[in-house]
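Visitor: Sending over structure_1.pdb (PDB, C-alpha atoms, pLDDT in the B column).
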```
ATOM      1  CA  MET X 349      91.770  54.501 -74.925  1.00 51.00           C
ATOM      2  CA  ASN X 350      88.351  54.812 -76.432  1.00 53.00           C
ATOM      3  CA  SER X 351      87.262  58.460 -76.353  1.00 50.00           C
ATOM      4  CA  GLU X 352      83.708  57.451 -75.393  1.00 51.00           C
ATOM      5  CA  SER X 353      84.846  55.413 -72.398  1.00 53.00           C
ATOM      6  CA  ASN X 354      87.954  54.544 -70.469  1.00 61.00           C
ATOM      7  CA  ILE X 355      88.136  51.068 -71.994  1.00 68.00           C
ATOM      8  CA  PRO X 356      91.533  50.465 -73.616  1.00 80.00           C
ATOM      9  CA  LEU X 357      91.353  49.619 -77.301  1.00 88.00           C
ATOM     10  CA  PRO X 358      92.855  46.314 -78.434  1.00 92.00           C
ATOM     11  CA  ALA X 359      96.246  46.155 -80.076  1.00 91.00           C
ATOM     12  CA  ALA X 360      96.166  45.533 -83.814  1.00 92.00           C
ATOM     13  CA  GLY X 361      96.883  42.034 -85.035  1.00 90.00           C
ATOM     14  CA  LEU X 362      99.247  40.933 -87.769  1.00 89.00           C
ATOM     15  CA  PHE X 363      96.706  40.305 -90.539  1.00 91.00           C
ATOM     16  CA  ARG X 364      94.987  43.663 -90.087  1.00 93.00           C
ATOM     17  CA  ARG X 365      98.365  45.385 -90.227  1.00 91.00           C
ATOM     18  CA  LEU X 366      99.313  43.491 -93.385  1.00 90.00           C
ATOM     19  CA  GLY X 367      95.982  44.446 -94.976  1.00 93.00           C
ATOM     20  CA  ALA X 368      96.572  48.125 -94.226  1.00 94.00           C
ATOM     21  CA  LEU X 369     100.174  47.886 -95.456  1.00 91.00           C
ATOM     22  CA  THR X 370      99.042  46.318 -98.738  1.00 92.00           C
ATOM     23  CA  TYR X 371      96.468  49.075 -99.242  1.00 95.00           C
ATOM     24  CA  ASP X 372      99.055  51.767 -98.450  1.00 95.00           C
ATOM     25  CA  ALA X 373     101.634  50.159-100.746  1.00 93.00           C
ATOM     26  CA  LEU X 374      99.207  50.413-103.668  1.00 95.00           C
ATOM     27  CA  LEU X 375      98.514  54.072-102.857  1.00 96.00           C
ATOM     28  CA  LEU X 376     102.234  54.788-102.479  1.00 94.00           C
ATOM     29  CA  MET X 377     102.926  53.232-105.893  1.00 94.00           C
ATOM     30  CA  ALA X 378     100.459  55.691-107.431  1.00 96.00           C
ATOM     31  CA  VAL X 379     102.149  58.583-105.598  1.00 95.00           C
ATOM     32  CA  ILE X 380     105.564  57.419-106.886  1.00 93.00           C
ATOM     33  CA  VAL X 381     104.275  57.299-110.473  1.00 93.00           C
ATOM     34  CA  ILE X 382     102.988  60.874-110.128  1.00 94.00           C
ATOM     35  CA  ALA X 383     106.330  61.883-108.565  1.00 93.00           C
ATOM     36  CA  GLY X 384     108.075  60.433-111.609  1.00 90.00           C
ATOM     37  CA  PHE X 385     105.978  62.639-113.888  1.00 91.00           C
ATOM     38  CA  ILE X 386     106.772  65.665-111.715  1.00 92.00           C
ATOM     39  CA  ALA X 387     110.506  64.891-112.069  1.00 89.00           C
ATOM     40  CA  LEU X 388     110.393  64.772-115.888  1.00 89.00           C
ATOM     41  CA  PRO X 389     110.952  68.510-116.466  1.00 90.00           C
ATOM     42  CA  PHE X 390     114.108  68.282-114.351  1.00 86.00           C
ATOM     43  CA  THR X 391     115.502  65.401-116.428  1.00 84.00           C
ATOM     44  CA  GLY X 392     114.889  66.878-119.878  1.00 86.00           C
ATOM     45  CA  GLY X 393     111.743  64.801-120.357  1.00 86.00           C
ATOM     46  CA  GLU X 394     113.640  61.524-119.981  1.00 88.00           C
ATOM     47  CA  ALA X 395     113.030  58.957-117.262  1.00 84.00           C
ATOM     48  CA  PRO X 396     115.521  59.437-114.409  1.00 85.00           C
ATOM     49  CA  SER X 397     118.221  56.795-114.322  1.00 83.00           C
ATOM     50  CA  PRO X 398     117.612  54.204-111.588  1.00 76.00           C
ATOM     51  CA  GLY X 399     120.942  54.987-109.893  1.00 84.00           C
ATOM     52  CA  ASN X 400     120.474  58.760-109.835  1.00 87.00           C
ATOM     53  CA  PRO X 401     121.156  59.714-106.177  1.00 91.00           C
ATOM     54  CA  PHE X 402     119.024  62.876-106.377  1.00 92.00           C
ATOM     55  CA  TYR X 403     116.041  60.949-107.715  1.00 91.00           C
ATOM     56  CA  GLN X 404     116.505  58.185-105.138  1.00 91.00           C
ATOM     57  CA  THR X 405     116.661  60.766-102.331  1.00 93.00           C
ATOM     58  CA  TYR X 406     113.586  62.503-103.736  1.00 94.00           C
ATOM     59  CA  LEU X 407     111.633  59.213-103.707  1.00 93.00           C
ATOM     60  CA  PHE X 408     112.914  58.279-100.240  1.00 94.00           C
ATOM     61  CA  VAL X 409     111.843  61.626 -98.765  1.00 96.00           C
ATOM     62  CA  LEU X 410     108.516  61.403-100.587  1.00 96.00           C
ATOM     63  CA  CYS X 411     107.832  57.943 -99.112  1.00 95.00           C
ATOM     64  CA  TYR X 412     108.751  59.138 -95.628  1.00 96.00           C
ATOM     65  CA  VAL X 413     106.554  62.227 -95.882  1.00 97.00           C
ATOM     66  CA  PHE X 414     103.680  60.088 -97.211  1.00 96.00           C
ATOM     67  CA  PHE X 415     103.652  57.940 -94.077  1.00 96.00           C
ATOM     68  CA  ALA X 416     104.785  60.544 -91.532  1.00 97.00           C
ATOM     69  CA  TRP X 417     102.169  63.073 -92.588  1.00 97.00           C
ATOM     70  CA  PHE X 418      99.371  60.625 -91.883  1.00 97.00           C
ATOM     71  CA  TRP X 419     100.952  59.168 -88.726  1.00 97.00           C
ATOM     72  CA  THR X 420     101.495  62.597 -87.148  1.00 97.00           C
ATOM     73  CA  ARG X 421      98.072  63.913 -88.191  1.00 95.00           C
ATOM     74  CA  GLY X 422      95.535  61.592 -86.633  1.00 93.00           C
ATOM     75  CA  GLY X 423      97.653  58.443 -86.639  1.00 96.00           C
ATOM     76  CA  GLN X 424      96.101  56.836 -89.705  1.00 97.00           C
ATOM     77  CA  THR X 425      97.231  56.344 -93.273  1.00 96.00           C
ATOM     78  CA  LEU X 426      94.451  55.692 -95.768  1.00 96.00           C
ATOM     79  CA  GLY X 427      95.086  51.950 -95.484  1.00 96.00           C
ATOM     80  CA  MET X 428      94.980  52.150 -91.695  1.00 96.00           C
ATOM     81  CA  ARG X 429      91.702  54.051 -91.901  1.00 96.00           C
ATOM     82  CA  ALA X 430      90.199  51.362 -94.147  1.00 95.00           C
ATOM     83  CA  TRP X 431      91.324  48.634 -91.717  1.00 96.00           C
ATOM     84  CA  ARG X 432      90.367  50.680 -88.611  1.00 96.00           C
ATOM     85  CA  LEU X 433      93.896  50.977 -87.216  1.00 96.00           C
ATOM     86  CA  ARG X 434      95.694  53.896 -85.605  1.00 97.00           C
ATOM     87  CA  VAL X 435      99.309  54.403 -84.550  1.00 97.00           C
ATOM     88  CA  GLN X 436      99.610  56.367 -81.328  1.00 96.00           C
ATOM     89  CA  ASN X 437     101.554  56.934 -78.147  1.00 95.00           C
ATOM     90  CA  ASP X 438     100.564  55.074 -74.988  1.00 89.00           C
ATOM     91  CA  ASP X 439      98.447  58.039 -73.871  1.00 91.00           C
ATOM     92  CA  GLY X 440      96.507  58.078 -77.172  1.00 90.00           C
ATOM     93  CA  SER X 441      98.259  61.134 -78.597  1.00 94.00           C
ATOM     94  CA  ALA X 442      99.644  61.337 -82.129  1.00 95.00           C
ATOM     95  CA  ILE X 443     103.251  60.327 -82.659  1.00 97.00           C
ATOM     96  CA  SER X 444     105.879  62.967 -83.410  1.00 97.00           C
ATOM     97  CA  TRP X 445     107.863  63.460 -86.602  1.00 97.00           C
ATOM     98  CA  SER X 446     110.939  61.980 -84.913  1.00 96.00           C
ATOM     99  CA  GLN X 447     108.955  58.895 -83.857  1.00 97.00           C
ATOM    100  CA  SER X 448     107.617  58.576 -87.389  1.00 97.00           C
ATOM    101  CA  LEU X 449     111.191  58.724 -88.724  1.00 96.00           C
ATOM    102  CA  LEU X 450     112.261  55.911 -86.380  1.00 96.00           C
ATOM    103  CA  ARG X 451     109.196  53.888 -87.391  1.00 95.00           C
ATOM    104  CA  PHE X 452     109.851  54.499 -91.092  1.00 95.00           C
ATOM    105  CA  MET X 453     113.548  53.596 -90.810  1.00 94.00           C
ATOM    106  CA  ALA X 454     112.677  50.345 -89.017  1.00 91.00           C
ATOM    107  CA  GLY X 455     110.315  49.569 -91.893  1.00 88.00           C
ATOM    108  CA  ILE X 456     113.032  50.362 -94.435  1.00 89.00           C
ATOM    109  CA  ALA X 457     115.435  48.055 -92.564  1.00 88.00           C
ATOM    110  CA  SER X 458     112.852  45.261 -92.775  1.00 85.00           C
ATOM    111  CA  CYS X 459     112.434  45.838 -96.506  1.00 83.00           C
ATOM    112  CA  ILE X 460     116.197  45.801 -97.020  1.00 84.00           C
ATOM    113  CA  LEU X 461     116.435  42.503 -95.136  1.00 83.00           C
ATOM    114  CA  LEU X 462     113.693  41.058 -97.318  1.00 82.00           C
ATOM    115  CA  GLY X 463     115.483  42.243-100.463  1.00 82.00           C
ATOM    116  CA  ILE X 464     118.835  40.833 -99.322  1.00 84.00           C
ATOM    117  CA  GLY X 465     117.181  37.566 -98.431  1.00 82.00           C
ATOM    118  CA  ILE X 466     115.437  37.205-101.779  1.00 83.00           C
ATOM    119  CA  TYR X 467     118.549  38.236-103.716  1.00 83.00           C
ATOM    120  CA  PHE X 468     121.010  36.008-101.867  1.00 80.00           C
ATOM    121  CA  ILE X 469     118.764  32.968-101.593  1.00 79.00           C
ATOM    122  CA  LYS X 470     119.108  32.604-105.357  1.00 79.00           C
ATOM    123  CA  SER X 471     122.797  31.791-104.811  1.00 75.00           C
ATOM    124  CA  GLU X 472     124.194  28.290-104.845  1.00 80.00           C
ATOM    125  CA  PRO X 473     122.746  26.318-101.889  1.00 80.00           C
ATOM    126  CA  MET X 474     124.917  26.300 -98.765  1.00 76.00           C
ATOM    127  CA  SER X 475     127.198  29.057-100.090  1.00 81.00           C
ATOM    128  CA  VAL X 476     128.000  32.014 -97.835  1.00 84.00           C
ATOM    129  CA  ARG X 477     125.636  34.260 -99.809  1.00 79.00           C
ATOM    130  CA  TYR X 478     122.854  31.680 -99.584  1.00 83.00           C
ATOM    131  CA  LEU X 479     123.285  31.466 -95.807  1.00 84.00           C
ATOM    132  CA  GLN X 480     123.333  35.266 -95.575  1.00 82.00           C
ATOM    133  CA  GLY X 481     120.069  35.272 -97.516  1.00 81.00           C
ATOM    134  CA  ILE X 482     118.545  32.747 -95.110  1.00 84.00           C
ATOM    135  CA  ALA X 483     119.708  34.827 -92.129  1.00 85.00           C
ATOM    136  CA  ALA X 484     118.238  38.013 -93.620  1.00 82.00           C
ATOM    137  CA  LEU X 485     114.905  36.283 -94.277  1.00 82.00           C
ATOM    138  CA  VAL X 486     114.827  34.879 -90.732  1.00 84.00           C
ATOM    139  CA  ILE X 487     115.449  38.332 -89.234  1.00 83.00           C
ATOM    140  CA  PHE X 488     112.812  39.884 -91.549  1.00 80.00           C
ATOM    141  CA  THR X 489     110.332  37.185 -90.544  1.00 81.00           C
ATOM    142  CA  LEU X 490     111.070  37.702 -86.839  1.00 81.00           C
ATOM    143  CA  SER X 491     110.563  41.450 -87.175  1.00 79.00           C
ATOM    144  CA  SER X 492     107.232  40.882 -88.911  1.00 77.00           C
ATOM    145  CA  LEU X 493     105.966  38.059 -86.718  1.00 83.00           C
ATOM    146  CA  TRP X 494     107.122  39.616 -83.438  1.00 87.00           C
ATOM    147  CA  ILE X 495     103.538  40.831 -83.021  1.00 90.00           C
ATOM    148  CA  LEU X 496     102.479  37.218 -82.464  1.00 89.00           C
ATOM    149  CA  VAL X 497     104.820  36.689 -79.496  1.00 89.00           C
ATOM    150  CA  ASP X 498     104.826  40.152 -77.917  1.00 90.00           C
ATOM    151  CA  LYS X 499     102.386  40.348 -74.996  1.00 90.00           C
ATOM    152  CA  ASN X 500     101.233  43.811 -76.180  1.00 90.00           C
ATOM    153  CA  LYS X 501     101.237  42.846 -79.911  1.00 91.00           C
ATOM    154  CA  ARG X 502     103.950  45.389 -80.636  1.00 92.00           C
ATOM    155  CA  SER X 503     106.187  44.988 -83.666  1.00 90.00           C
ATOM    156  CA  TRP X 504     109.845  45.931 -83.744  1.00 89.00           C
ATOM    157  CA  HIS X 505     108.735  49.140 -85.507  1.00 89.00           C
ATOM    158  CA  ASP X 506     106.488  49.931 -82.541  1.00 92.00           C
ATOM    159  CA  HIS X 507     109.283  49.273 -80.042  1.00 91.00           C
ATOM    160  CA  PHE X 508     111.856  51.375 -81.943  1.00 91.00           C
ATOM    161  CA  SER X 509     109.470  54.317 -82.201  1.00 94.00           C
ATOM    162  CA  SER X 510     107.913  53.936 -78.722  1.00 94.00           C
ATOM    163  CA  CYS X 511     104.352  53.747 -79.999  1.00 95.00           C
ATOM    164  CA  ASN X 512     101.659  51.173 -80.643  1.00 94.00           C
ATOM    165  CA  VAL X 513      99.028  50.341 -83.216  1.00 95.00           C
ATOM    166  CA  ILE X 514      95.489  49.847 -81.998  1.00 95.00           C
ATOM    167  CA  GLU X 515      92.329  48.508 -83.578  1.00 95.00           C
ATOM    168  CA  LEU X 516      89.493  51.001 -83.568  1.00 94.00           C
ATOM    169  CA  PRO X 517      85.928  49.898 -82.866  1.00 91.00           C
ATOM    170  CA  LYS X 518      83.340  49.747 -85.620  1.00 87.00           C
ATOM    171  CA  LEU X 519      81.273  52.885 -85.873  1.00 81.00           C
ATOM    172  CA  LYS X 520      77.690  52.413 -84.770  1.00 78.00           C
ATOM    173  CA  LYS X 521      75.086  53.428 -87.329  1.00 71.00           C
TER
END
```
Could you spell out this file's structure in structure tokens?

Guide:
Amino acid sequence: MNSESNIPLPAAGLFRRLGALTYDALLLMAVIVIAGFIALPFTGGEAPSPGNPFYQTYLFVLCYVFFAWFWTRGGQTLGMRAWRLRVQNDDGSAISWSQSLLRFMAGIASCILLGIGIYFIKSEPMSVRYLQGIAALVIFTLSSLWILVDKNKRSWHDHFSSCNVIELPKLKK
């Protein structure tokens, strides 16, 4: 709902969401680079090995906190603010940390499906791995494009976390 009136705000469309996600991905990459520098004293000044479970957990938690902090405090990441989007509950309130975890995990699942799809599609055509890659890409695409077929423009992430993403009106000058 718009705070100035009781007119419901429109649900966010796919392209706006992708724009905000792209913006946030660039910001998150910068945060990850800084996190790598912060980790250097703990690794003797050497870059952490890619398979280091402590470093991977550190980056995973950092990524979650990056998104969850913004989602639970006003419902907007910096990318969402730039694209005038907000994630919220049906009543307009901010989502909880548990909802943000569900939302984040659904996003991670989508990314894993994309990675599996890209990795396996390089296999020999019509092999089992190739078909698994196709299946993973189809599921990833469905999860991303679900907004286009859902009557409320809710993605799978929105459904899993029981929230929605709305488009905010332009501010009047």

Visitor: Would you give me, as a Markdown table, each residue of region 353-377 of chain X having an atom within 12 Å of an atom of region 406-422 of chain X, along with its shortest atom pair and that distance in Å to one decimal, using only C-alpha atoms and sorting by chain and residue number?

Guide:
```
| residue | atom | partner | partner_atom | distance |
| --- | --- | --- | --- | --- |
| X:Leu369 | CA | X:Phe415 | CA | 10.7 |
| X:Asp372 | CA | X:Phe415 | CA | 8.9 |
| X:Ala373 | CA | X:Cys411 | CA | 10.1 |
| X:Leu375 | CA | X:Phe414 | CA | 9.7 |
| X:Leu376 | CA | X:Cys411 | CA | 7.3 |
| X:Met377 | CA | X:Cys411 | CA | 9.6 |
```

Visitor: Quick one: everything within 9 Å of Leu485 (chain X), counting all atoms listed in the file, minus sequence neighbours fewer than 4 positions away in the same chain. Send it as number ranges by chain.

Guide: X: 461-466, 469, 480-481, 489-490

Visitor: Compile the contact shell of Trp504 (chain X) as a compact mmCIF listing (two decimals) with C-alpha atoms, keeping the file's coordinate frame: residues with an atom at most 7 Å away, counting only C-alpha atoms, same-chain residues fewer than 4 positions apart removed.

Guide:
```txt
# COMPACT_ATOMS: atom_id res chain seq x y z
CA SER X 491 110.56 41.45 -87.18
CA TRP X 494 107.12 39.62 -83.44
CA PHE X 508 111.86 51.38 -81.94
```

Visitor: Find the residues around Ala359 (chain X) up to 8 Å (all atoms listed in the file counted), leave out those fewer than 4 positions away in its own chain, and share them as a compact mmCIF listing (two decimals) with C-alpha atoms, keeping the file's coordinate frame.

Guide:
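Result file follows (around-v8.txt):
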```
# COMPACT_ATOMS: atom_id res chain seq x y z
CA ASN X 500 101.23 43.81 -76.18
CA LYS X 501 101.24 42.85 -79.91
CA ARG X 502 103.95 45.39 -80.64
CA ASN X 512 101.66 51.17 -80.64
CA VAL X 513 99.03 50.34 -83.22
CA ILE X 514 95.49 49.85 -82.00
CA GLU X 515 92.33 48.51 -83.58
```

Visitor: Choose the residue, out of X:Leu362, X:Val435, X:Ala378, X:Ile460, that has the smallest atom-to-atom separation from Phe488 (chain X); count only C-alpha atoms.

Guide: X:Ile460

Visitor: Looking at X:Ser510, X:Tyr467, X:Trp431, X:Ala387, which one is nearest to Leu366 (chain X), with distances taken over all atoms listed in the file?

Guide: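 Closest candidate: X:Trp431.
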
Visitor: Provide the CA of Gly367 (chain X) to CA of Arg432 (chain X) distance in Å, to one decimal place.

Guide: 10.5 Å

Visitor: What does the structure give for the distance between CA of Asp439 (chain X) and CA of Ser458 (chain X), in Å to one decimal?

Guide: 27.0 Å

Visitor: Kindly output region 459-490 of chain X as a PDB file, keeping the file's coordinate frame, after building N, CA and C atoms.

Guide:
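Writing done, so here's selection38.pdb:
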```
ATOM      1  N   CYS X 459     112.496  46.011 -95.053  1.00 83.00           N
ATOM      2  CA  CYS X 459     112.434  45.838 -96.506  1.00 83.00           C
ATOM      3  C   CYS X 459     113.800  45.486 -97.084  1.00 83.00           C
ATOM      4  N   ILE X 460     114.845  46.113 -96.559  1.00 84.00           N
ATOM      5  CA  ILE X 460     116.197  45.801 -97.020  1.00 84.00           C
ATOM      6  C   ILE X 460     116.534  44.349 -96.696  1.00 84.00           C
ATOM      7  N   LEU X 461     116.180  43.906 -95.494  1.00 83.00           N
ATOM      8  CA  LEU X 461     116.435  42.503 -95.136  1.00 83.00           C
ATOM      9  C   LEU X 461     115.687  41.551 -96.068  1.00 83.00           C
ATOM     10  N   LEU X 462     114.458  41.889 -96.396  1.00 82.00           N
ATOM     11  CA  LEU X 462     113.693  41.058 -97.318  1.00 82.00           C
ATOM     12  C   LEU X 462     114.375  41.021 -98.682  1.00 82.00           C
ATOM     13  N   GLY X 463     114.800  42.181 -99.166  1.00 82.00           N
ATOM     14  CA  GLY X 463     115.483  42.243-100.463  1.00 82.00           C
ATOM     15  C   GLY X 463     116.780  41.454-100.475  1.00 82.00           C
ATOM     16  N   ILE X 464     117.580  41.589 -99.420  1.00 84.00           N
ATOM     17  CA  ILE X 464     118.835  40.833 -99.322  1.00 84.00           C
ATOM     18  C   ILE X 464     118.532  39.342 -99.306  1.00 84.00           C
ATOM     19  N   GLY X 465     117.545  38.974 -98.521  1.00 82.00           N
ATOM     20  CA  GLY X 465     117.181  37.566 -98.431  1.00 82.00           C
ATOM     21  C   GLY X 465     116.770  36.992 -99.771  1.00 82.00           C
ATOM     22  N   ILE X 466     115.909  37.695-100.474  1.00 83.00           N
ATOM     23  CA  ILE X 466     115.437  37.205-101.779  1.00 83.00           C
ATOM     24  C   ILE X 466     116.579  37.169-102.787  1.00 83.00           C
ATOM     25  N   TYR X 467     117.435  38.187-102.773  1.00 83.00           N
ATOM     26  CA  TYR X 467     118.549  38.236-103.716  1.00 83.00           C
ATOM     27  C   TYR X 467     119.569  37.127-103.449  1.00 83.00           C
ATOM     28  N   PHE X 468     119.965  36.968-102.197  1.00 80.00           N
ATOM     29  CA  PHE X 468     121.010  36.008-101.867  1.00 80.00           C
ATOM     30  C   PHE X 468     120.520  34.564-101.871  1.00 80.00           C
ATOM     31  N   ILE X 469     119.252  34.347-101.646  1.00 79.00           N
ATOM     32  CA  ILE X 469     118.764  32.968-101.593  1.00 79.00           C
ATOM     33  C   ILE X 469     118.816  32.313-102.965  1.00 79.00           C
ATOM     34  N   LYS X 470     118.975  33.133-103.996  1.00 79.00           N
ATOM     35  CA  LYS X 470     119.108  32.604-105.357  1.00 79.00           C
ATOM     36  C   LYS X 470     120.510  32.066-105.611  1.00 79.00           C
ATOM     37  N   SER X 471     121.416  32.271-104.666  1.00 75.00           N
ATOM     38  CA  SER X 471     122.797  31.791-104.811  1.00 75.00           C
ATOM     39  C   SER X 471     122.835  30.277-104.693  1.00 75.00           C
ATOM     40  N   GLU X 472     124.012  29.740-104.948  1.00 80.00           N
ATOM     41  CA  GLU X 472     124.194  28.290-104.845  1.00 80.00           C
ATOM     42  C   GLU X 472     123.906  27.843-103.411  1.00 80.00           C
ATOM     43  N   PRO X 473     123.084  26.787-103.242  1.00 80.00           N
ATOM     44  CA  PRO X 473     122.746  26.318-101.889  1.00 80.00           C
ATOM     45  C   PRO X 473     123.991  26.066-101.043  1.00 80.00           C
ATOM     46  N   MET X 474     123.892  26.471 -99.787  1.00 76.00           N
ATOM     47  CA  MET X 474     124.917  26.300 -98.765  1.00 76.00           C
ATOM     48  C   MET X 474     126.156  27.165 -98.988  1.00 76.00           C
ATOM     49  N   SER X 475     126.099  28.095 -99.946  1.00 81.00           N
ATOM     50  CA  SER X 475     127.198  29.057-100.090  1.00 81.00           C
ATOM     51  C   SER X 475     127.031  30.129 -99.020  1.00 81.00           C
ATOM     52  N   VAL X 476     128.058  30.957 -98.839  1.00 84.00           N
ATOM     53  CA  VAL X 476     128.000  32.014 -97.835  1.00 84.00           C
ATOM     54  C   VAL X 476     126.855  32.975 -98.156  1.00 84.00           C
ATOM     55  N   ARG X 477     126.713  33.336 -99.416  1.00 79.00           N
ATOM     56  CA  ARG X 477     125.636  34.260 -99.809  1.00 79.00           C
ATOM     57  C   ARG X 477     124.269  33.645 -99.550  1.00 79.00           C
ATOM     58  N   TYR X 478     124.116  32.373 -99.825  1.00 83.00           N
ATOM     59  CA  TYR X 478     122.854  31.680 -99.584  1.00 83.00           C
ATOM     60  C   TYR X 478     122.515  31.719 -98.092  1.00 83.00           C
ATOM     61  N   LEU X 479     123.501  31.447 -97.253  1.00 84.00           N
ATOM     62  CA  LEU X 479     123.285  31.466 -95.807  1.00 84.00           C
ATOM     63  C   LEU X 479     122.995  32.879 -95.305  1.00 84.00           C
ATOM     64  N   GLN X 480     123.639  33.881 -95.922  1.00 82.00           N
ATOM     65  CA  GLN X 480     123.333  35.266 -95.575  1.00 82.00           C
ATOM     66  C   GLN X 480     121.884  35.586 -95.953  1.00 82.00           C
ATOM     67  N   GLY X 481     121.450  35.072 -97.091  1.00 81.00           N
ATOM     68  CA  GLY X 481     120.069  35.272 -97.516  1.00 81.00           C
ATOM     69  C   GLY X 481     119.091  34.643 -96.546  1.00 81.00           C
ATOM     70  N   ILE X 482     119.402  33.432 -96.093  1.00 84.00           N
ATOM     71  CA  ILE X 482     118.545  32.747 -95.110  1.00 84.00           C
ATOM     72  C   ILE X 482     118.491  33.564 -93.818  1.00 84.00           C
ATOM     73  N   ALA X 483     119.653  34.043 -93.363  1.00 85.00           N
ATOM     74  CA  ALA X 483     119.708  34.827 -92.129  1.00 85.00           C
ATOM     75  C   ALA X 483     118.886  36.103 -92.265  1.00 85.00           C
ATOM     76  N   ALA X 484     119.000  36.779 -93.399  1.00 82.00           N
ATOM     77  CA  ALA X 484     118.238  38.013 -93.620  1.00 82.00           C
ATOM     78  C   ALA X 484     116.739  37.720 -93.615  1.00 82.00           C
ATOM     79  N   LEU X 485     116.329  36.640 -94.255  1.00 82.00           N
ATOM     80  CA  LEU X 485     114.905  36.283 -94.277  1.00 82.00           C
ATOM     81  C   LEU X 485     114.398  35.905 -92.890  1.00 82.00           C
ATOM     82  N   VAL X 486     115.226  35.239 -92.101  1.00 84.00           N
ATOM     83  CA  VAL X 486     114.827  34.879 -90.732  1.00 84.00           C
ATOM     84  C   VAL X 486     114.635  36.142 -89.898  1.00 84.00           C
ATOM     85  N   ILE X 487     115.573  37.088 -90.002  1.00 83.00           N
ATOM     86  CA  ILE X 487     115.449  38.332 -89.234  1.00 83.00           C
ATOM     87  C   ILE X 487     114.228  39.123 -89.705  1.00 83.00           C
ATOM     88  N   PHE X 488     113.999  39.199 -91.029  1.00 80.00           N
ATOM     89  CA  PHE X 488     112.812  39.884 -91.549  1.00 80.00           C
ATOM     90  C   PHE X 488     111.544  39.227 -91.004  1.00 80.00           C
ATOM     91  N   THR X 489     111.510  37.910 -91.026  1.00 81.00           N
ATOM     92  CA  THR X 489     110.332  37.185 -90.544  1.00 81.00           C
ATOM     93  C   THR X 489     110.115  37.441 -89.058  1.00 81.00           C
ATOM     94  N   LEU X 490     111.193  37.416 -88.272  1.00 81.00           N
ATOM     95  CA  LEU X 490     111.070  37.702 -86.839  1.00 81.00           C
ATOM     96  C   LEU X 490     110.538  39.105 -86.594  1.00 81.00           C
TER      97      LEU X 490
END
```
